[in-house]
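Structure data (compact mmCIF, C-alpha atoms) from upload35.txt:
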# COMPACT_ATOMS: atom_id res chain seq x y z
CA MET F 1 -24.99 144.96 62.00
CA GLU F 2 -28.75 144.69 62.23
CA VAL F 3 -30.23 147.88 63.64
CA SER F 4 -33.90 147.06 63.84
CA VAL F 5 -36.41 144.47 62.77
CA ALA F 6 -39.78 145.26 61.32
CA SER F 7 -42.59 144.25 63.62
CA PRO F 8 -44.17 140.97 62.59
CA ARG F 9 -47.67 141.45 61.24
CA LYS F 10 -48.95 138.24 62.83
CA SER F 11 -51.21 138.24 65.84
CA LEU F 12 -49.64 137.89 69.26
CA ALA F 13 -50.86 134.31 69.49
CA GLU F 14 -49.31 133.46 66.13
CA LYS F 15 -46.04 135.18 67.01
CA VAL F 16 -45.70 133.35 70.31
CA PHE F 17 -47.44 130.04 69.90
CA GLY F 18 -46.98 129.37 66.18
CA GLY F 19 -48.87 126.12 65.59
CA TYR F 20 -49.85 125.84 69.24
CA HIS F 21 -53.02 127.02 70.89
CA LEU F 22 -54.32 127.13 74.44
CA GLY F 23 -56.96 124.71 75.49
CA SER F 24 -59.68 125.50 78.00
CA ASN F 25 -57.49 124.30 80.85
CA GLY F 26 -54.64 126.61 79.86
CA GLN F 27 -52.43 123.81 78.54
CA LYS F 28 -50.64 124.26 75.20
CA ARG F 29 -51.90 121.96 72.47
CA ARG F 30 -50.11 121.16 69.26
CA GLY F 31 -51.55 122.46 66.03
CA ASN F 32 -50.21 121.64 62.59
CA ASP F 33 -46.61 122.62 63.40
CA PRO F 34 -44.76 119.90 65.32
CA HIS F 35 -41.68 122.07 66.00
CA ASN F 36 -40.22 122.72 69.43
CA ALA F 37 -42.47 120.42 71.41
CA ARG F 38 -41.32 120.05 75.01
CA ASP F 39 -42.44 117.57 77.63
CA ASP F 40 -42.50 120.25 80.34
CA GLY F 41 -45.29 122.21 78.60
CA GLY F 42 -43.03 125.04 77.44
CA MET F 43 -41.62 125.94 74.06
CA GLU F 44 -37.97 126.21 73.17
CA LEU F 45 -37.94 128.98 70.59
CA MET F 46 -34.22 129.40 70.12
CA GLN F 47 -30.96 128.78 71.84
CA ILE F 48 -28.60 131.72 72.17
CA GLY F 49 -25.15 132.30 73.53
CA ALA F 50 -23.42 129.58 71.58
CA GLU F 51 -22.88 131.69 68.50
CA ARG F 52 -20.14 134.26 68.23
CA THR F 53 -22.57 137.05 67.39
CA LYS F 54 -24.49 138.13 70.49
CA ASN F 55 -27.91 139.78 70.42
CA VAL F 56 -28.26 143.09 72.24
CA LEU F 57 -31.75 144.47 72.82
CA ILE F 58 -31.91 148.17 73.73
CA LEU F 59 -35.24 149.08 75.33
CA MET F 60 -36.35 152.67 74.77
CA SER F 61 -39.40 154.89 74.36
CA ASP F 62 -39.87 158.18 72.53
CA THR F 63 -40.95 160.00 75.68
CA GLY F 64 -38.66 162.91 74.93
CA GLY F 65 -35.85 162.71 72.43
CA GLY F 66 -33.11 161.73 74.87
CA HIS F 67 -33.96 158.05 75.23
CA ARG F 68 -33.81 157.26 71.52
CA ALA F 69 -30.69 159.44 71.11
CA SER F 70 -28.92 157.51 73.87
CA ALA F 71 -30.04 154.16 72.44
CA GLU F 72 -28.74 155.03 68.99
CA ALA F 73 -25.47 156.36 70.44
CA ILE F 74 -24.94 153.01 72.20
CA ARG F 75 -25.81 151.12 69.03
CA ASP F 76 -23.29 153.15 67.00
CA ALA F 77 -20.56 152.76 69.62
CA PHE F 78 -21.03 148.97 69.63
CA GLN F 79 -20.62 148.97 65.87
CA ILE F 80 -17.47 151.10 65.97
CA GLU F 81 -15.84 149.17 68.81
CA PHE F 82 -16.87 145.58 68.07
CA GLY F 83 -18.14 145.38 64.50
CA ASP F 84 -20.24 142.27 63.89
CA GLN F 85 -19.58 140.70 67.27
CA TYR F 86 -22.94 142.08 68.37
CA ARG F 87 -26.31 142.31 66.64
CA ILE F 88 -28.13 145.38 67.98
CA PHE F 89 -31.90 145.90 68.16
CA VAL F 90 -33.25 149.30 69.26
CA LYS F 91 -36.86 148.66 70.19
CA ASP F 92 -39.89 150.01 71.98
CA VAL F 93 -41.20 146.61 73.05
CA TRP F 94 -43.99 148.31 74.98
CA LYS F 95 -45.41 150.01 71.87
CA GLU F 96 -45.06 146.91 69.70
CA TYR F 97 -46.28 144.18 72.04
CA THR F 98 -48.47 145.61 74.80
CA GLY F 99 -51.71 147.55 75.15
CA TRP F 100 -52.78 150.71 76.90
CA PRO F 101 -51.24 152.51 78.79
CA LEU F 102 -47.79 151.12 77.93
CA ASN F 103 -48.22 151.31 74.17
CA ASP F 104 -49.06 155.02 74.34
CA MET F 105 -46.42 156.33 76.71
CA GLU F 106 -45.17 158.74 74.05
CA GLY F 107 -48.56 160.38 73.60
CA GLN F 108 -49.24 160.54 77.32
CA TYR F 109 -45.85 162.10 78.00
CA LYS F 110 -46.27 164.78 75.32
CA PHE F 111 -49.72 165.66 76.65
CA MET F 112 -48.50 165.99 80.23
CA VAL F 113 -45.42 168.00 79.28
CA LYS F 114 -47.65 170.48 77.44
CA HIS F 115 -49.62 170.75 80.69
CA VAL F 116 -46.49 170.93 82.74
CA GLN F 117 -48.07 170.98 86.20
CA LEU F 118 -49.82 167.72 85.38
CA TRP F 119 -46.43 166.17 84.60
CA ASN F 120 -45.01 167.63 87.83
CA VAL F 121 -47.76 165.92 89.84
CA ALA F 122 -47.32 162.63 87.96
CA PHE F 123 -43.54 162.62 88.45
CA HIS F 124 -43.57 163.26 92.19
CA SER F 125 -46.71 161.32 93.11
CA THR F 126 -45.25 158.12 91.63
CA SER F 127 -41.85 158.54 93.25
CA PRO F 128 -42.56 156.60 96.48
CA ARG F 129 -41.47 153.01 95.97
CA TRP F 130 -44.68 151.43 97.24
CA ILE F 131 -46.73 153.41 94.73
CA HIS F 132 -44.73 152.67 91.58
CA SER F 133 -44.13 149.07 92.68
CA VAL F 134 -47.86 148.43 92.97
CA TYR F 135 -48.49 150.23 89.67
CA LEU F 136 -45.85 148.22 87.80
CA ALA F 137 -46.98 144.93 89.36
CA ALA F 138 -50.54 145.63 88.23
CA ILE F 139 -49.34 146.34 84.69
CA ALA F 140 -47.21 143.19 84.75
CA ALA F 141 -50.30 141.13 85.63
CA TYR F 142 -51.84 142.24 82.33
CA TYR F 143 -48.87 142.58 80.01
CA ALA F 144 -45.94 140.48 81.23
CA ARG F 145 -46.84 137.73 78.73
CA GLU F 146 -46.71 140.27 75.90
CA VAL F 147 -43.38 141.66 77.10
CA GLU F 148 -42.08 138.11 77.30
CA ALA F 149 -43.22 137.52 73.73
CA GLY F 150 -41.34 140.63 72.64
CA LEU F 151 -38.16 139.47 74.33
CA MET F 152 -38.44 136.06 72.70
CA VAL F 153 -38.57 137.63 69.23
CA TYR F 154 -35.08 139.10 69.74
CA LYS F 155 -33.69 136.47 72.19
CA PRO F 156 -31.15 138.85 73.71
CA ASP F 157 -27.90 137.88 75.37
CA ILE F 158 -27.75 141.45 76.68
CA ILE F 159 -30.61 143.82 77.51
CA ILE F 160 -29.91 147.54 77.87
CA SER F 161 -32.62 149.78 79.28
CA VAL F 162 -32.44 153.51 78.57
CA HIS F 163 -35.87 154.28 80.04
CA PRO F 164 -37.02 154.34 83.70
CA LEU F 165 -40.09 152.16 83.03
CA MET F 166 -38.15 149.41 81.27
CA GLN F 167 -36.41 147.74 84.19
CA HIS F 168 -38.98 146.05 86.38
CA ILE F 169 -41.13 143.98 84.02
CA PRO F 170 -38.28 142.66 81.80
CA LEU F 171 -36.29 141.74 84.92
CA TRP F 172 -39.31 139.92 86.35
CA VAL F 173 -39.67 138.06 83.04
CA LEU F 174 -36.01 137.00 83.14
CA LYS F 175 -36.36 135.83 86.73
CA TRP F 176 -39.50 133.84 85.98
CA GLN F 177 -37.75 132.20 83.03
CA GLY F 178 -34.69 131.36 85.10
CA LEU F 179 -32.51 133.54 82.85
CA GLN F 180 -31.61 136.26 85.33
CA LYS F 181 -28.07 134.92 85.75
CA LYS F 182 -27.64 134.15 82.06
CA VAL F 183 -28.86 137.30 80.33
CA ILE F 184 -26.93 140.48 81.14
CA PHE F 185 -29.22 143.37 82.07
CA VAL F 186 -27.90 146.92 82.41
CA THR F 187 -29.48 150.33 82.86
CA VAL F 188 -28.12 153.47 81.21
CA ILE F 189 -29.60 156.49 82.96
CA THR F 190 -30.29 159.41 80.64
CA ASP F 191 -31.07 162.08 83.26
CA LEU F 192 -28.11 164.18 84.39
CA SER F 193 -29.11 164.89 87.97
CA THR F 194 -32.74 164.52 89.03
CA CYS F 195 -33.88 160.91 88.53
CA HIS F 196 -37.17 159.16 89.06
CA PRO F 197 -36.68 156.20 91.44
CA THR F 198 -37.91 153.72 88.80
CA TRP F 199 -34.46 154.08 87.18
CA PHE F 200 -32.94 152.04 90.01
CA HIS F 201 -33.47 148.29 90.29
CA PRO F 202 -31.29 146.06 92.51
CA TRP F 203 -31.31 143.13 90.04
CA VAL F 204 -29.37 144.87 87.26
CA ASN F 205 -25.79 143.85 86.49
CA ARG F 206 -24.79 147.47 85.94
CA CYS F 207 -26.30 150.88 86.41
CA TYR F 208 -24.46 153.47 84.32
CA CYS F 209 -24.81 156.91 85.85
CA PRO F 210 -24.08 160.21 84.05
CA SER F 211 -22.95 162.04 87.20
CA GLN F 212 -21.89 161.58 90.80
CA GLU F 213 -25.24 163.03 91.89
CA VAL F 214 -27.07 160.20 90.15
CA ALA F 215 -24.62 157.60 91.46
CA LYS F 216 -25.32 158.79 95.00
CA LYS F 217 -29.06 158.37 94.44
CA ALA F 218 -28.47 154.87 93.05
CA SER F 219 -26.53 153.93 96.16
CA GLN F 220 -29.22 155.35 98.42
CA ASP F 221 -31.81 153.32 96.53
CA GLY F 222 -30.07 150.05 97.33
CA LEU F 223 -27.64 149.42 94.48
CA GLN F 224 -24.24 148.09 95.43
CA GLU F 225 -21.00 149.88 94.57
CA SER F 226 -20.06 147.00 92.24
CA GLN F 227 -23.21 147.67 90.19
CA ILE F 228 -22.62 151.40 89.71
CA ARG F 229 -20.41 153.04 87.11
CA VAL F 230 -20.12 156.80 86.47
CA TYR F 231 -19.14 157.44 82.86
CA GLY F 232 -21.36 160.30 81.70
CA LEU F 233 -24.29 160.62 79.32
CA PRO F 234 -23.95 158.61 76.08
CA ILE F 235 -23.64 160.98 73.12
CA ARG F 236 -23.55 159.74 69.54
CA PRO F 237 -19.97 159.03 68.42
CA SER F 238 -20.25 161.19 65.30
CA PHE F 239 -20.79 164.18 67.61
CA ALA F 240 -18.50 163.24 70.49
CA ARG F 241 -15.48 162.48 68.31
CA ALA F 242 -15.98 165.13 65.64
CA VAL F 243 -12.88 167.24 65.00
CA LEU F 244 -14.15 170.71 64.15
CA VAL F 245 -12.43 173.99 63.29
CA LYS F 246 -14.59 177.04 64.02
CA ASP F 247 -13.28 179.21 61.18
CA GLN F 248 -13.86 176.47 58.64
CA LEU F 249 -17.35 175.78 59.98
CA ARG F 250 -18.34 179.43 59.77
CA GLU F 251 -17.26 179.59 56.17
CA GLU F 252 -19.13 176.37 55.38
CA LEU F 253 -22.32 177.52 57.13
CA GLY F 254 -22.26 181.04 55.69
CA LEU F 255 -21.62 182.82 59.00
CA ASP F 256 -19.72 186.05 59.58
CA PRO F 257 -16.13 184.97 60.32
CA ASP F 258 -15.48 187.84 62.76
CA LEU F 259 -18.65 188.28 64.80
CA PRO F 260 -19.23 186.10 67.91
CA ALA F 261 -22.26 183.83 67.50
CA VAL F 262 -25.02 182.66 69.83
CA LEU F 263 -27.09 179.53 69.16
CA LEU F 264 -30.74 179.70 70.25
CA THR F 265 -32.64 176.41 70.22
CA GLY F 266 -36.13 175.33 71.17
CA GLY F 267 -35.42 171.63 70.84
CA GLY F 268 -36.91 169.29 68.28
CA GLU F 269 -40.37 170.83 68.64
CA GLY F 270 -39.24 174.49 68.73
CA MET F 271 -40.83 175.10 72.13
CA GLY F 272 -40.20 177.76 74.76
CA PRO F 273 -39.67 181.53 74.54
CA VAL F 274 -37.71 181.34 71.27
CA LYS F 275 -39.46 184.21 69.49
CA LYS F 276 -39.25 186.64 72.42
CA THR F 277 -35.61 185.73 73.09
CA ALA F 278 -34.68 186.10 69.42
CA LYS F 279 -36.25 189.57 69.22
CA ALA F 280 -34.50 190.65 72.42
CA LEU F 281 -31.17 189.42 71.05
CA GLY F 282 -31.82 191.29 67.82
CA GLU F 283 -31.85 194.47 69.88
CA SER F 284 -29.07 193.74 72.39
CA LEU F 285 -26.56 192.56 69.78
CA PHE F 286 -26.85 195.79 67.77
CA ASP F 287 -24.65 198.71 68.82
CA LYS F 288 -26.86 201.73 68.24
CA GLU F 289 -24.05 204.26 68.67
CA ALA F 290 -21.71 202.54 66.22
CA GLU F 291 -24.69 201.42 64.11
CA LYS F 292 -23.29 197.94 63.65
CA PRO F 293 -23.87 194.44 65.07
CA ILE F 294 -21.74 193.10 67.92
CA GLY F 295 -22.83 189.49 67.38
CA GLN F 296 -24.78 187.12 65.16
CA LEU F 297 -27.68 184.79 65.92
CA ILE F 298 -28.54 181.24 64.80
CA ILE F 299 -32.06 180.03 65.64
CA ILE F 300 -33.02 176.33 65.55
CA CYS F 301 -36.81 176.10 65.25
CA GLY F 302 -37.07 172.32 65.06
CA ARG F 303 -40.34 171.06 63.59
CA ASN F 304 -42.12 174.31 64.46
CA LYS F 305 -42.69 175.65 60.95
CA ASN F 306 -44.93 178.47 62.18
CA LEU F 307 -42.12 179.75 64.39
CA ALA F 308 -39.62 179.62 61.54
CA SER F 309 -42.03 181.43 59.21
CA THR F 310 -42.71 184.14 61.78
CA LEU F 311 -39.03 184.75 62.45
CA GLU F 312 -38.23 184.85 58.74
CA SER F 313 -40.83 187.59 58.25
CA LEU F 314 -39.11 189.91 60.73
CA GLU F 315 -36.55 192.56 59.83
CA TRP F 316 -33.21 192.04 61.56
CA LYS F 317 -30.43 194.52 62.24
CA ILE F 318 -27.94 191.75 62.96
CA PRO F 319 -26.92 188.66 60.94
CA VAL F 320 -29.48 185.92 61.62
CA LYS F 321 -29.72 182.30 60.41
CA ILE F 322 -33.09 180.58 60.88
CA ARG F 323 -33.10 176.81 60.68
CA GLY F 324 -35.80 174.16 60.97
CA PHE F 325 -35.21 170.63 62.26
CA GLU F 326 -31.43 170.32 62.23
CA THR F 327 -29.37 167.15 61.78
CA GLN F 328 -25.99 168.94 61.85
CA MET F 329 -26.04 170.25 65.41
CA ALA F 330 -22.38 169.34 65.89
CA LYS F 331 -21.44 171.85 63.19
CA TRP F 332 -23.73 174.63 64.41
CA MET F 333 -22.51 174.20 67.98
CA GLY F 334 -18.92 174.11 66.77
CA ALA F 335 -19.43 177.40 64.91
CA CYS F 336 -20.93 179.25 67.90
CA ASP F 337 -19.59 180.79 71.12
CA CYS F 338 -22.52 180.11 73.49
CA ILE F 339 -25.94 178.46 73.50
CA ILE F 340 -29.42 179.26 74.83
CA THR F 341 -31.60 176.21 75.51
CA LYS F 342 -33.94 174.53 77.95
CA ALA F 343 -32.33 172.14 80.42
CA GLY F 344 -32.54 168.95 78.37
CA PRO F 345 -29.73 166.55 79.34
CA GLY F 346 -28.68 165.68 75.78
CA THR F 347 -28.30 169.28 74.64
CA ILE F 348 -26.41 170.13 77.83
CA ALA F 349 -24.01 167.21 77.38
CA GLU F 350 -23.39 168.13 73.73
CA ALA F 351 -22.82 171.79 74.61
CA LEU F 352 -20.29 170.79 77.26
CA ILE F 353 -18.40 168.67 74.71
CA ARG F 354 -18.22 171.71 72.41
CA GLY F 355 -17.13 173.95 75.29
CA LEU F 356 -20.18 176.21 74.94
CA PRO F 357 -21.26 178.35 77.90
CA ILE F 358 -24.96 177.64 78.45
CA ILE F 359 -27.86 179.95 79.22
CA LEU F 360 -30.70 177.74 80.47
CA ASN F 361 -34.08 179.41 79.95
CA ASP F 362 -36.48 176.68 81.08
CA TYR F 363 -36.77 173.11 82.37
CA ILE F 364 -39.35 170.35 82.66
CA PRO F 365 -40.29 169.85 86.34
CA GLY F 366 -39.01 166.59 87.74
CA GLN F 367 -36.22 165.08 85.68
CA GLU F 368 -34.79 168.36 84.28
CA LYS F 369 -34.95 170.50 87.41
CA GLY F 370 -31.65 169.23 88.78
CA ASN F 371 -29.87 169.98 85.50
CA VAL F 372 -29.96 173.70 86.32
CA PRO F 373 -27.71 173.54 89.42
CA TYR F 374 -25.60 170.91 87.64
CA VAL F 375 -24.68 173.51 85.00
CA VAL F 376 -24.69 176.64 87.18
CA ASN F 377 -22.84 175.22 90.19
CA ASN F 378 -20.10 173.85 87.94
CA GLY F 379 -19.56 177.27 86.40
CA ALA F 380 -20.61 176.19 82.90
CA GLY F 381 -23.57 178.53 82.50
CA VAL F 382 -26.41 180.55 84.02
CA PHE F 383 -30.18 180.27 84.38
CA THR F 384 -32.82 182.87 83.60
CA ARG F 385 -36.34 182.68 82.20
CA SER F 386 -36.32 186.32 81.13
CA PRO F 387 -35.67 186.91 77.39
CA LYS F 388 -34.42 190.43 78.12
CA GLU F 389 -32.02 189.18 80.81
CA THR F 390 -30.81 186.47 78.43
CA ALA F 391 -30.13 189.07 75.73
CA ARG F 392 -28.29 191.31 78.19
CA ILE F 393 -26.02 188.45 79.34
CA VAL F 394 -25.11 187.49 75.77
CA ALA F 395 -24.33 191.11 74.86
CA GLU F 396 -22.03 191.41 77.88
CA TRP F 397 -20.30 188.12 77.08
CA PHE F 398 -19.62 189.41 73.57
CA THR F 399 -18.24 192.74 74.80
CA THR F 400 -17.30 193.72 78.37
CA LYS F 401 -17.39 190.25 79.96
CA SER F 402 -15.51 188.18 77.40
CA ASP F 403 -13.24 186.82 80.18
CA GLU F 404 -16.32 185.36 81.91
CA LEU F 405 -17.36 183.71 78.64
CA LYS F 406 -13.88 182.21 78.24
CA LYS F 407 -13.85 180.89 81.81
CA MET F 408 -17.25 179.26 81.41
CA SER F 409 -16.08 177.65 78.19
CA GLU F 410 -13.12 176.14 80.04
CA ASN F 411 -15.43 174.89 82.82
CA ALA F 412 -17.75 173.33 80.24
CA LEU F 413 -14.88 171.37 78.70
CA LYS F 414 -13.80 170.14 82.15
CA LEU F 415 -17.33 168.89 82.81
CA ALA F 416 -17.68 167.21 79.41
CA GLN F 417 -17.43 163.41 79.04
CA PRO F 418 -17.17 162.74 75.30
CA GLU F 419 -15.97 159.14 75.75
CA ALA F 420 -18.90 158.11 77.95
CA VAL F 421 -20.67 155.99 75.35
CA PHE F 422 -17.48 154.07 74.54
CA ASP F 423 -16.74 153.49 78.24
CA ILE F 424 -20.25 152.07 78.60
CA VAL F 425 -20.08 149.62 75.68
CA ARG F 426 -16.57 148.47 76.64
CA ASP F 427 -17.76 147.69 80.16
CA ILE F 428 -20.78 145.81 78.80
CA ASN F 429 -18.44 143.85 76.55
CA GLU F 430 -16.32 142.92 79.57
CA LEU F 431 -19.45 141.67 81.33
CA ALA F 432 -20.27 139.58 78.26
CA GLN F 433 -16.77 138.13 78.13
CA GLN F 434 -17.07 137.01 81.74
CA ARG F 435 -20.11 134.90 80.89
CA GLU F 436 -19.24 131.43 79.64
CA PRO F 437 -20.87 130.61 76.28
CA ALA F 438 -23.88 128.46 77.00
CA ASN F 439 -26.98 127.17 75.29
CA PHE F 440 -30.07 128.29 77.10
CA PRO F 441 -33.67 128.38 75.91
CA TYR F 442 -36.26 131.14 76.08
CA LEU F 443 -39.39 129.40 77.33
CA LEU F 444 -42.98 130.54 77.38
CA THR F 445 -44.03 130.79 81.02
CA SER F 446 -47.27 128.95 81.71
CA SER F 447 -49.04 131.66 83.72
CA PHE F 448 -47.76 135.04 84.82
CA THR F 449 -51.00 135.91 86.59
CA SER F 450 -50.56 133.06 89.06
CA LEU F 451 -46.94 134.04 89.64
CA ILE F 452 -47.90 137.63 90.41

What is this file in structure tokens?
Amino acid sequence: MEVSVASPRKSLAEKVFGGYHLGSNGQKRRGNDPHNARDDGGMELMQIGAERTKNVLILMSDTGGGHRASAEAIRDAFQIEFGDQYRIFVKDVWKEYTGWPLNDMEGQYKFMVKHVQLWNVAFHSTSPRWIHSVYLAAIAAYYAREVEAGLMVYKPDIIISVHPLMQHIPLWVLKWQGLQKKVIFVTVITDLSTCHPTWFHPWVNRCYCPSQEVAKKASQDGLQESQIRVYGLPIRPSFARAVLVKDQLREELGLDPDLPAVLLTGGGEGMGPVKKTAKALGESLFDKEAEKPIGQLIIICGRNKNLASTLESLEWKIPVKIRGFETQMAKWMGACDCIITKAGPGTIAEALIRGLPIILNDYIPGQEKGNVPYVVNNGAGVFTRSPKETARIVAEWFTTKSDELKKMSENALKLAQPEAVFDIVRDINELAQQREPANFPYLLTSSFTSLI
């Protein structure tokens, strides 16, 4: 299975037109390459659909880690379920084929999240449909040709969007090319509860929702019941289907086999009150009267090397493991009894699969705000921003309130949806099977500006 394709190093004109060029009147003229000439002024680049192997293009952006994680989970599930029946491309077409601001969404997002009130304003001010529709139409006027060029490189039979800004323009491109009823387009929403309205577009074949709350919003935004499926958040198969034994994991990871363990994570960038929370836990998980620890602590610092170095320099009275960027989260979660994290949807979904009670200590305004009541109201965890309160709760869970910890673990498992990613790819496969194999060309549209 092909996972990704290196970006061609040719100019946009070379990638799209090949031996053609545009004359002063906007008409395509033939250069040295006589291939693919068409009387109607377009170019037939490739015919798809007739071959057994179908092309699937997953559109994502690294604005937060969840979009890429979901895209790669879908890619892996396709491979497990269907082998070489599908050729999968995970791509940020915006970054590769367009200009500012689309090609720098990652940088803009990281800047605004660091200045969180700026992100809060951006999220809510663009929520009204008339505002984001005008904004996206204006961007399409400049970059729809480039997006079209990106789509033609991969010539997808199926397009899967895992990002809220990757519905409108690709769907417009498909409509303009007359391919809307030939190419399957689905959206996989990666926010658990609070969703920006740009996630919902009435032209999609399917909108896969991670929760009933999101499905209700999709319905209110005009999607039909036949378009909506509620399967859960796609989690990578290697995590979702991992069979783990806690005692074995603790031995493998060098943890105390008898002490309960709490996992403290600051995400991939090691952000949030990790240091303060860790120090508070170092105090609360030590029984001063008995002069012995009542729990152990694992800290995931992500890429924050300064945080890891600072924590390693401290003296601890309890067993502590300090980790950097971690690729074995399934094992660390499987070895622990509860988790402390911000309200990122991916971490929450993974914790639920592992049956871990969750202490949420922060959230990004907008898309993560609704994740707090999603966890708390379902009895799978609590929310507090106070490091001292967090430490007190963990100490009680490990001693006097162990029944509460057990109950929350049971609630977490009830809320978990480990098969979500497989349900999604199977449903997409059913949609593909319903389409009759047909030869259809991707054509270069003569002028998007005039269409807009």

Q. So how many Å separate atom CA of F:Met112 and atom CA of F:Gly366, to one decimal?
A. 12.1 Å

Q: Would you list the contacts of F:Phe82 as a PyMOL selection string, taking every protein, DNA or RNA residue within 12 Å and counting all atoms listed in the file, but skipping same-chain residues closer than 6 positions in sequence?
A: chain F and resi 1+52-54+74-76+88+422+425-426+428-430

Q | Residues within 9 Å of F:Ser211, only C-alpha atoms, excluding chain neighbours under 2 positions, as a VMD selection string | A | chain F and resid 192 to 193 209 213 to 216 230 to 233

Dump as a tab-separated table the rows for residues of stretch 194-300 of chain F within 7 Å of stretch 154-169 of chain F: closest atom pair and distance in Å with one decimal, only C-alpha atoms counted, ordered by chain and rising residue number.
residue	atom	partner	partner_atom	distance
F:Thr198	CA	F:Pro164	CA	5.2
F:Trp199	CA	F:Pro164	CA	4.3
F:His201	CA	F:Gln167	CA	6.8

I want to know what sits within 10 Å of F:Tyr142, based on all atoms listed in the file, with residues of the same chain fewer than 2 positions away left out; could you give that as an mmCIF file with C-alpha atoms, keeping the file's coordinate frame?
data_model
loop_
_atom_site.group_PDB
_atom_site.id
_atom_site.type_symbol
_atom_site.label_atom_id
_atom_site.label_comp_id
_atom_site.auth_asym_id
_atom_site.auth_seq_id
_atom_site.Cartn_x
_atom_site.Cartn_y
_atom_site.Cartn_z
ATOM 1 C CA THR F 98 -48.470 145.610 74.800
ATOM 2 C CA GLY F 99 -51.710 147.550 75.150
ATOM 3 C CA ALA F 137 -46.980 144.930 89.360
ATOM 4 C CA ALA F 138 -50.540 145.630 88.230
ATOM 5 C CA ILE F 139 -49.340 146.340 84.690
ATOM 6 C CA ALA F 140 -47.210 143.190 84.750
ATOM 7 C CA ALA F 144 -45.940 140.480 81.230
ATOM 8 C CA ARG F 145 -46.840 137.730 78.730
ATOM 9 C CA GLU F 146 -46.710 140.270 75.900
ATOM 10 C CA VAL F 147 -43.380 141.660 77.100
ATOM 11 C CA PHE F 448 -47.760 135.040 84.820
ATOM 12 C CA THR F 449 -51.000 135.910 86.590
#

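Checking F:Asp221, F:Glu404, F:Glu269, F:Glu312 one by one against F:Ser127, counting only C-alpha atoms, you find the shortest gap at F:Asp221.
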
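The coordinates place atom CA of F:Cys338 at 16.9 Å from atom CA of F:Arg323.
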
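Considering the residues F:Asp337, F:Asp104, F:Asp247, F:Glu368 and counting all atoms listed in the file, F:Leu263 has its shortest atom-to-atom contact with F:Asp337.
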
Q.
One number please: atom CA of F:Ser226 to atom CA of F:Asn205, in Å, one decimal.
A. 8.7 Å

Q) Of the residues F:Val204, F:Leu223, F:Ala351, F:Leu281, which is the one nearest to F:Ser409, using all atoms listed in the file? A) F:Ala351

Q.
Give me, as number ranges by chain, all polymer residues having an atom no more than 8 Å from F:Gly302, counting all atoms listed in the file and skipping those fewer than 3 positions away in the same chain.
A. F: 265-270, 305, 323-326

Convert the current residue selection to file output with C-alpha atoms, as a PDB file, in the frame of the given file.
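Written out: part.pdb:
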ATOM      1  CA  THR F 265     -32.640 176.410  70.220  1.00  0.00           C
ATOM      2  CA  GLY F 266     -36.130 175.330  71.170  1.00  0.00           C
ATOM      3  CA  GLY F 267     -35.420 171.630  70.840  1.00  0.00           C
ATOM      4  CA  GLY F 268     -36.910 169.290  68.280  1.00  0.00           C
ATOM      5  CA  GLU F 269     -40.370 170.830  68.640  1.00  0.00           C
ATOM      6  CA  GLY F 270     -39.240 174.490  68.730  1.00  0.00           C
ATOM      7  CA  LYS F 305     -42.690 175.650  60.950  1.00  0.00           C
ATOM      8  CA  ARG F 323     -33.100 176.810  60.680  1.00  0.00           C
ATOM      9  CA  GLY F 324     -35.800 174.160  60.970  1.00  0.00           C
ATOM     10  CA  PHE F 325     -35.210 170.630  62.260  1.00  0.00           C
ATOM     11  CA  GLU F 326     -31.430 170.320  62.230  1.00  0.00           C
TER      12      GLU F 326
END

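Comparing F:Leu171, F:Leu151, F:Thr327, F:Gln227 by their smallest distance to F:Asp427, the closest is F:Gln227 (using only C-alpha atoms).
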
Q. What's the 10 Å shell around stretch 115-123 of chain F, counting all atoms listed in the file, without same-chain residues fewer than 3 positions away, as a ChimeraX atom specification?
A. /F:108-112,126-127,195-197,363-367
